[in-house]
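For reference, the structure discussed in these notes is given below.
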Amino acid sequence: MPSDPTTIREVVAQVGRELDPRLQPLTAELATLLFDEIPAFRGDDSIRELMTASTAANLSTIFDILLHGLPVDKVDVPAAAAAYARRFAQRDLPVEGLLRAYRLGQQQATQWCLTSLGAHDLDTDVLLGCTREIVSVLSTYIDQVSENLVEIYETERKLWTQRTDAARAVALRTVLDDVTLDSGTAEAMIGYRMHGWHVGAVAWVERGVGQAGRLLDSAARILASVHGERPLVVLDDDHTLWAWLSSPERTELDAAALAGALDEIPQLRIALGEPTHGLTGFRASHREALQAQTVAEASTDRSQITRFAQVSIIALLSENLDALRTWISRTLGALATDDEANARLRETVRIFLETGGSFTDAASRLHLHKNTVHYRVRKAEEVRGRPFGEDRLDVEVALVACHHLGQRVLR
């Protein structure tokens with residue numbers, strides 16, 4: 001026969017009454033358990049202090065719910081618990097550690113309640129009813145508080161990241177721009193070692209692409225995974241991330257691994273500077289990454305990865321586009337006209353010259369008949385007005401610039 005709800009309520013209230021005076025030792029016991037079981041709590045006294053305060057606040061709330069029969073859905077997150085979640089976010093500690101602490105706390109509090117309940121001489125129906133009530137209250141409370149704390153954690157992490165990124169961005173720009181700073185001062189300003197080798201990286205998505213922030217977070221994780229260590233990162237704007245990858249020895253990023261990781265995120269693009277040493281290298285590699293990004297954005301080649309080494313000549317030439325456009329027009333003549341026919345001729349000649357002037361090799365790369373390549377090369381010379389052999393190096397550079405910069409340098 002079902003037990004009387006009033007009897008169950010009275011017994012559950014008595015459990016709360018018995019546990020409430022023991023709040024301080026129970027808090028200490030649970031705090032020690034959490035500290036031993038969860039590595040995230042170690043090494044940070046402020047986190048441990050807040051964890052202890054949060055534990056006391058949650059246990060006190062649970063005991064009040066049991067004692068007074070408070071509706072769980074009307075109970076707010078304790079202030080100490082909310083502060084604890086915010087500090088967790090500020091320390092960039094994983095939210096999983098926070099949630100595990102609550103599950104461990106639920107298990108321990110359930111054991112205390114059932115132990116207290118077992119000390120009473122209850123018939124089976126009342127015992128089962130009280131057990132169900134206590135387990136339900138604890139489970140519902142932990143679920144509700146955990147859900148709210150995750151929201152508090154995510155909100156604080158976003159706000160904290162914005163604040164710290166803004167401060168870091170100001171310090172970084174000073175380090176990049178003020179050449180009078182020495183390595184020690186630069187390190188103190190941004191909290192990052194300048195000794196060793198640095199590779200500058202710029203990750204970006206096109207304007208208007210949705211969830212740009214999430215995509216840039218993915219870029220930071222990918223760079224960390226490929227490099228093996230967490231990079232220094234800062235948002236330049238809402239669609240661009242700057243990053244530095246550092247190591248004691250000169251190392252190259254694994255291009256294949258980076259390309260493989262980016263395959264699943266087609267909206268994301270990354271430009272890389274060359275490995276360079278010290279504070280001067282920190283600045284130089286970043287500058288190269290920015291130059292590589294400029295070329296990548298202008299290029300008809302939509303590769304996800306652009307290395308400065310691949311586009312260095314074009315990057316340097318493109319610093320003065322007006323002068324470059326004039327020089328290309330003088331070098332290529334009418335072949336520098338921006339239309340489909342001349343684009344086809346320019347690409348054929350570019351590949352022809354890249355293959356050492358071999359009609360056969362050029363035809364293979366272009367998937368054309370050798371006679372077609374021969375015709376286009378001769379036609380391109382007619383359009384230009386003189387043979388390519390007269391100033392072949394200039395022609396090759398001009399064609400590569402046209403290939404990468406397109407309309408910006410065509411007439």
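Going by the structure tokens order, chains are called A, B, ..., each with residues numbered from 1, while ligands are numbered from 1 in the order shown.
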
Name all residues at most 10 Å from segment 387-398 of chain A (count only C-alpha atoms; drop same-chain ones fewer than 6 positions away) and give them as a count of residues only. 24

Within 12 Å of Gly208 of chain A, counting only C-alpha atoms, which residues show up once you throw out same-chain ones fewer than 4 positions away? Write them as an mmCIF file with N, CA and C atoms, in the first residue's frame, please.
data_model
loop_
_atom_site.group_PDB
_atom_site.id
_atom_site.type_symbol
_atom_site.label_atom_id
_atom_site.label_comp_id
_atom_site.auth_asym_id
_atom_site.auth_seq_id
_atom_site.Cartn_x
_atom_site.Cartn_y
_atom_site.Cartn_z
ATOM 1 N N TRP A 204 41.393 33.759 -41.656
ATOM 2 C CA TRP A 204 40.268 34.654 -41.909
ATOM 3 C C TRP A 204 39.160 33.945 -42.665
ATOM 4 N N ALA A 212 31.357 33.374 -37.929
ATOM 5 C CA ALA A 212 32.779 33.633 -38.143
ATOM 6 C C ALA A 212 33.594 33.374 -36.881
ATOM 7 N N GLY A 213 33.055 33.738 -35.722
ATOM 8 C CA GLY A 213 33.777 33.521 -34.478
ATOM 9 C C GLY A 213 34.068 32.053 -34.229
ATOM 10 N N ASP A 238 36.300 40.980 -36.491
ATOM 11 C CA ASP A 238 35.350 39.888 -36.304
ATOM 12 C C ASP A 238 35.468 38.784 -37.344
ATOM 13 N N HIS A 239 36.364 38.928 -38.322
ATOM 14 C CA HIS A 239 36.530 37.848 -39.301
ATOM 15 C C HIS A 239 38.008 37.509 -39.548
ATOM 16 N N GLN A 267 35.296 27.393 -45.604
ATOM 17 C CA GLN A 267 35.205 28.859 -45.484
ATOM 18 C C GLN A 267 36.464 29.473 -44.891
#

Counting only C-alpha atoms, the residue of A:Arg157, A:Arg221, A:Arg207, A:Arg287 that sits nearest Arg87 of chain A: A:Arg157

Write out as a ChimeraX atom specification each polymer residue whose atoms come within 8 Å of Asp236 of chain A, counting only C-alpha atoms; drop sequence neighbours fewer than 5 positions from it. /A:169,241-242

Could you write those residues out with C-alpha atoms, as a compact mmCIF listing (two decimals), in the first residue's frame?
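The resulting selection16.txt:
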# COMPACT_ATOMS: atom_id res chain seq x y z
CA ALA A 169 45.53 43.42 -29.14
CA LEU A 241 42.60 36.05 -36.39
CA TRP A 242 46.31 36.71 -35.89

Compile the contact shell of Arg48 of chain A as a VMD selection string: residues with an atom at most 10 Å away, counting only C-alpha atoms, same-chain residues fewer than 6 positions apart removed. chain A and resid 31 to 32 34 to 35 40 to 42 54 84

Please return as a VMD selection string: the residues of segment 199-390 of chain A that backbone DSSP assigns to strand (DSSP E or B). chain A and resid 199 to 204 232 to 237 240 to 247 269 to 272 276 to 277 305 to 307

Taking the chain letters and numbering used in this document, name the residues of segment 246-397 of chain A that DSSP puts in helix (DSSP H, G or I), as a ChimeraX atom specification. /A:255-262,278-298,308-336,340-354,359-366,370-384,388-397

When distances are computed from only C-alpha atoms, which of A:Gln14, A:Pro94, A:Leu50, A:Glu133 shows the smallest separation from Phe63 of chain A? A:Gln14

I'd like the contact shell of Arg230 of chain A - 12 Å cut-off, only C-alpha atoms, skipping same-chain residues fewer than 6 positions apart - returned as a PDB file with C-alpha atoms, in the first residue's frame.
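Saved result, selection09.pdb, follows:
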ATOM      1  CA  TYR A 192      54.981  35.607 -24.528  1.00  0.00           C
ATOM      2  CA  ALA A 219      41.481  27.874 -36.823  1.00  0.00           C
ATOM      3  CA  ALA A 220      43.201  28.376 -33.465  1.00  0.00           C
ATOM      4  CA  ARG A 221      42.544  24.747 -32.509  1.00  0.00           C
ATOM      5  CA  ILE A 222      43.807  23.476 -35.880  1.00  0.00           C
ATOM      6  CA  LEU A 223      47.026  25.492 -35.644  1.00  0.00           C
ATOM      7  CA  ALA A 224      47.575  24.216 -32.100  1.00  0.00           C
ATOM      8  CA  ALA A 243      48.446  33.895 -34.501  1.00  0.00           C
ATOM      9  CA  TRP A 244      52.081  33.136 -33.697  1.00  0.00           C
ATOM     10  CA  LEU A 245      53.532  29.629 -33.474  1.00  0.00           C
ATOM     11  CA  SER A 246      56.809  29.456 -31.572  1.00  0.00           C
ATOM     12  CA  SER A 247      59.448  26.795 -30.916  1.00  0.00           C
TER      13      SER A 247
END

Using only C-alpha atoms, find the one residue out of A:Asp182, A:Glu382, A:Glu18, A:Asp4 that sits nearest to Leu127 of chain A.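 Of A:Asp182, A:Glu382, A:Glu18, A:Asp4, the one nearest Leu127 of chain A is A:Asp4, counting only C-alpha atoms.
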
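When only C-alpha atoms are used to measure the gap to Ala56 of chain A, the shortest distance among A:Leu258, A:Val234, A:Leu26, A:Leu279 belongs to A:Leu26.
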
Selected residue of minimal separation from Trp160 of chain A among A:Asp322, A:Asp123, A:Asp64, A:Asp92, counting only C-alpha atoms: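 When distances to Trp160 of chain A are compared using only C-alpha atoms, the smallest one comes from A:Asp92.
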
For atom CA of Tyr153 of chain A and atom CA of Phe88 of chain A, determine how far apart the two atoms are, in Å to one decimal place.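 Separation of atom CA of Tyr153 of chain A and atom CA of Phe88 of chain A: 7.3 Å.
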
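Relative to atom CA of Leu30 of chain A, atom CA of Thr52 of chain A is found at 8.6 Å.
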
Just give me the gap between atom CA of His277 of chain A and atom CA of Trp197 of chain A in Å, one decimal is fine. 4.3 Å
